[in-house]
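*Asks:* Starting off with a structure, shown below.
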Amino acid sequence: MKLATAPLAAAARLLDPALRALQRTTGERGMIAFFLLPNMAIFGIFVLFPMLTNFAYSVTGGNALFLADRSFVGAQHYARLVDCQNHLDPMTCRDDKFWTAVWNTARFVLLQVTLMTAAAMITALILNRSLPGRSFWRAVFFFPVLLSPVVVGLIWRWILQRQGLLNWAMDSLGFDTVNWLTERTSAFAAAVGVSVWAHMGFYALILLAGLQAIPKDLYEAAEMDGTRPTRVFLRITLPLLLPNLLVVIVLALIRAVQIFDEVYVLTGGGPGTSTLFLTQYIYEIGFASLLRNPGLAAAASILMGAVLVLLTLAQLGLARRAERK
Amino acid sequence: MTALAFLTRRRGGPGWHWTDIVTWAWLLSGLLVIFGPALWLVASSFKTPQQLAQFPPTLLPYIAQTATVNGEPKPLYRVTFEDGTTRTLAELRRVGIVAQMANPAAPDETFRVPIADRQPVRSLGLAWTNYTEPFLHFDFLTYLRNSVFVTVAATLITLLTNSMAAFALSKYDFRGRGTVMLLIIATLMVPLSVILVPLYSVISALGLFNSLWGVILPTVATPTGVFLLRQYMLTIPDELIDAARMDKASEWQIYWRIILPLTAPALAVLAIFSVVWRWNDFLWPLIVLSRKELYTLQVGLNTYAGELNVQWHYILAMTVVTMIPVVLVFVVLQRFITTGIASAGIK
């Protein structure tokens, strides 16, 4: 550790005379600016500025990349996105791909968040018991969270392929094999299942931290009264865990709306458009397809961003309420 | 406590409560469902292409034995004849469910054998070429180098810039501090996937398209990092800083010699997360990098899996390579990570 930080420490010492001079001439205010500058400059250029210009892209047309070369088209992109005879049926929409992605994402979010929260809750409750080797079990459930989406996608593509491990297991148990990734329903189910597999451990850990914060004497009192476990759960655990549970649900919603990486590697959005989600739509319209349309992609991303802003505001509100308790 | 008593320790009282059964069923199926796929990946990555094509698959990697017949290597099989005798023969060719086979020592005499009557001769063995070939003949060494560079550079810059900003935001009182904090909070709401188009044009305007710096820079000003470090620095007593000022320390020295060392635990958590995040990044590198020699491992692996759909033996081996650093981080620093998440709730 010493060896690794030695050159950095030397660099810091070399900088000191120059920074002392800066401090003498500009005072404390100058130093505050100096400390803030690197982070805020990067932040301003690569986060804030794009955030502010995103809207400008959504109301200008053409293929050009730079704003100066783009012509104003008003709300045309938004109009194209929302133009539908029947919003429930993407095929009646002018941009059928967008609405397919919207409804796929909506179904995905609903299913994935429900399943994942339930699984995370059960896992957290179980890990909160006195178990032999608890930190080992905690590690087991957390492990997939660190894996890259590409690795997750490829592991499961290998297992779910026609002659893969899962079909072999089903075959030997006497079930019919399923062509998991080439049938619409099963590919969608696979996308949900794989993303639950990959992220559940993270939410289980947050819930576990919440469970451990519940005073033990409440449980001891319940045990002395001989209360049944289901009742203990409904009357003590659930109400006291509710703030954490809400935070988990909103966090999971925010991440599920943006689902892309692992599903893209797993199915590529297919078969057909059955696992096409919003981020992939934005990526393809903005960058990948021959008929690139940055303005349309920007408009779609602003609509998605609006949902995310609402969810994040909800999360911040909930987190603040949980803190005050 | 004996080992058995330890292993069967349960929720108070004698006998098995139904919750104990649910607990162990959940834990064991979790072990199977979570570690099973990863182990299956590793086991498969050592199999030869012929073995990967086999159905039903074998659990462990085997290498088929071959014998040289007329100067060519042919796979060996143990054949059971109708009269019950068994012989080891080499397969010359196969038509449908019948194989033409011969004794390698006397290849002129051939036998027609239904393939159901034979078993391949094989021994446990690892197909190391799955690992060496992609590094020697494909660009995986370049991808690996790019990934390491992106991860290390981004993490160092993240630690430096985030800690400097956090220091200013926690230890100085200045006009506009609230505004800066609010701006940072605001960006929590706008993930990268929402600003892809304008960010791409910023990167292009700066000449960073098809450059690893174009991958690194947009990711380093993490709001979570600034928050995490600021929360931690707020707990460091201001008296330390006042005392240092008394001793004529410069503000830079206060940051470097006092605050940073005391923030080490939080810096460690941020470093771990940054390494994992940057190593795993996929969508943004996919957009910024279009030249093959600049691909990171994740992008390279995905492209490779798309182009060579049938070459699973290479894909699986390279997936294992991509997984290794994260697994190492996990094994060594597991405690840090799990407590870091529990306390900060970051990801």
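Following the order of the structure tokens, first chain is A, next is B, and so on, with residues numbered from 1 inside each chain and ligands from 1 in the order they appear.
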Select residues of chain B: the criterion is any atom within 6 Å of an atom of chain A, counting only C-alpha atoms; output as an MDAnalysis selection string.
*Replies:* chainID B and resid 23 161 164:165 168 189 194 198:199 201 218 221 280 319 342
*Asks:* Excluding Val220 in chain B and any residue of its chain fewer than 2 positions from it, enumerate the residues within 6 Å of it, using only C-alpha atoms, and give them as a PyMOL selection string.
*Replies:* chain B and resi 154+158+217-218+222
*Asks:* I'd like to know which of A:Ala191, A:Leu22, A:Ala124, A:Gln85 is closest to Arg157 in chain A, using only C-alpha atoms.
*Replies:*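 Among the listed residues, A:Ala191 lies closest to Arg157 in chain A.
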*Asks:* Enumerate the residues of range 58-106 of chain A with a DSSP assignment of alpha helix (DSSP H), computed from the backbone, and present them as a PyMOL selection string.
*Replies:* chain A and resi 58+76-82+96-106
*Asks:* In Å, with one decimal, what is the gap from CA of Leu316 in chain B to CA of Ser45 in chain B?
*Replies:* 4.9 Å
*Asks:* State, in Å with one decimal place, the distance from CA of Phe108 in chain A to CA of Val192 in chain A.
*Replies:*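 A separation of 6.5 Å between them.
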*Asks:* If I take CA of Leu159 in chain B and CA of Asn146 in chain B, how far is one from the other in Å, to one decimal?
*Replies:*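 CA of Asn146 in chain B lies at a distance of 19.9 Å from CA of Leu159 in chain B.
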*Asks:* Residues at most 12 Å from Leu110 in chain A, counting only C-alpha atoms, excluding those fewer than 3 positions away in the same chain, as a short mmCIF file (atom, residue, chain, number, x, y, z; two decimals) with C-alpha atoms, in the first residue's frame?
*Replies:*
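The file below, part-v2.cif, is the result:
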data_model
loop_
_atom_site.label_atom_id
_atom_site.label_comp_id
_atom_site.auth_asym_id
_atom_site.auth_seq_id
_atom_site.Cartn_x
_atom_site.Cartn_y
_atom_site.Cartn_z
CA TRP A 103 -45.49 -2.04 -23.40
CA ASN A 104 -42.71 -4.59 -23.21
CA THR A 105 -40.93 -2.40 -20.69
CA ALA A 106 -44.12 -1.87 -18.68
CA ARG A 107 -44.79 -5.60 -18.50
CA VAL A 113 -39.97 -5.78 -9.68
CA THR A 114 -42.71 -7.91 -8.12
CA LEU A 115 -40.77 -11.15 -8.40
CA MET A 116 -37.49 -9.60 -7.36
CA THR A 117 -38.89 -7.79 -4.34
CA VAL A 192 -37.30 -11.42 -16.46
CA ILE A 249 -39.21 -1.06 -4.68
CA VAL A 250 -38.56 2.41 -6.09
CA ALA A 252 -35.80 -1.53 -8.44
CA LEU A 253 -38.37 0.33 -10.55
CA ILE A 254 -35.78 2.93 -11.60
CA ALA A 256 -35.99 -1.93 -14.37
CA VAL A 257 -37.25 0.94 -16.56
#
*Asks:* Write out as a list in words which residues come within 7 Å of range 238-242 of chain A when counting only C-alpha atoms, dropping same-chain ones fewer than 4 positions away.
*Replies:*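 Listed by chain and then number, they are Gly210, Leu211, Ile214, Phe233, Leu234 and Leu246 of chain A.
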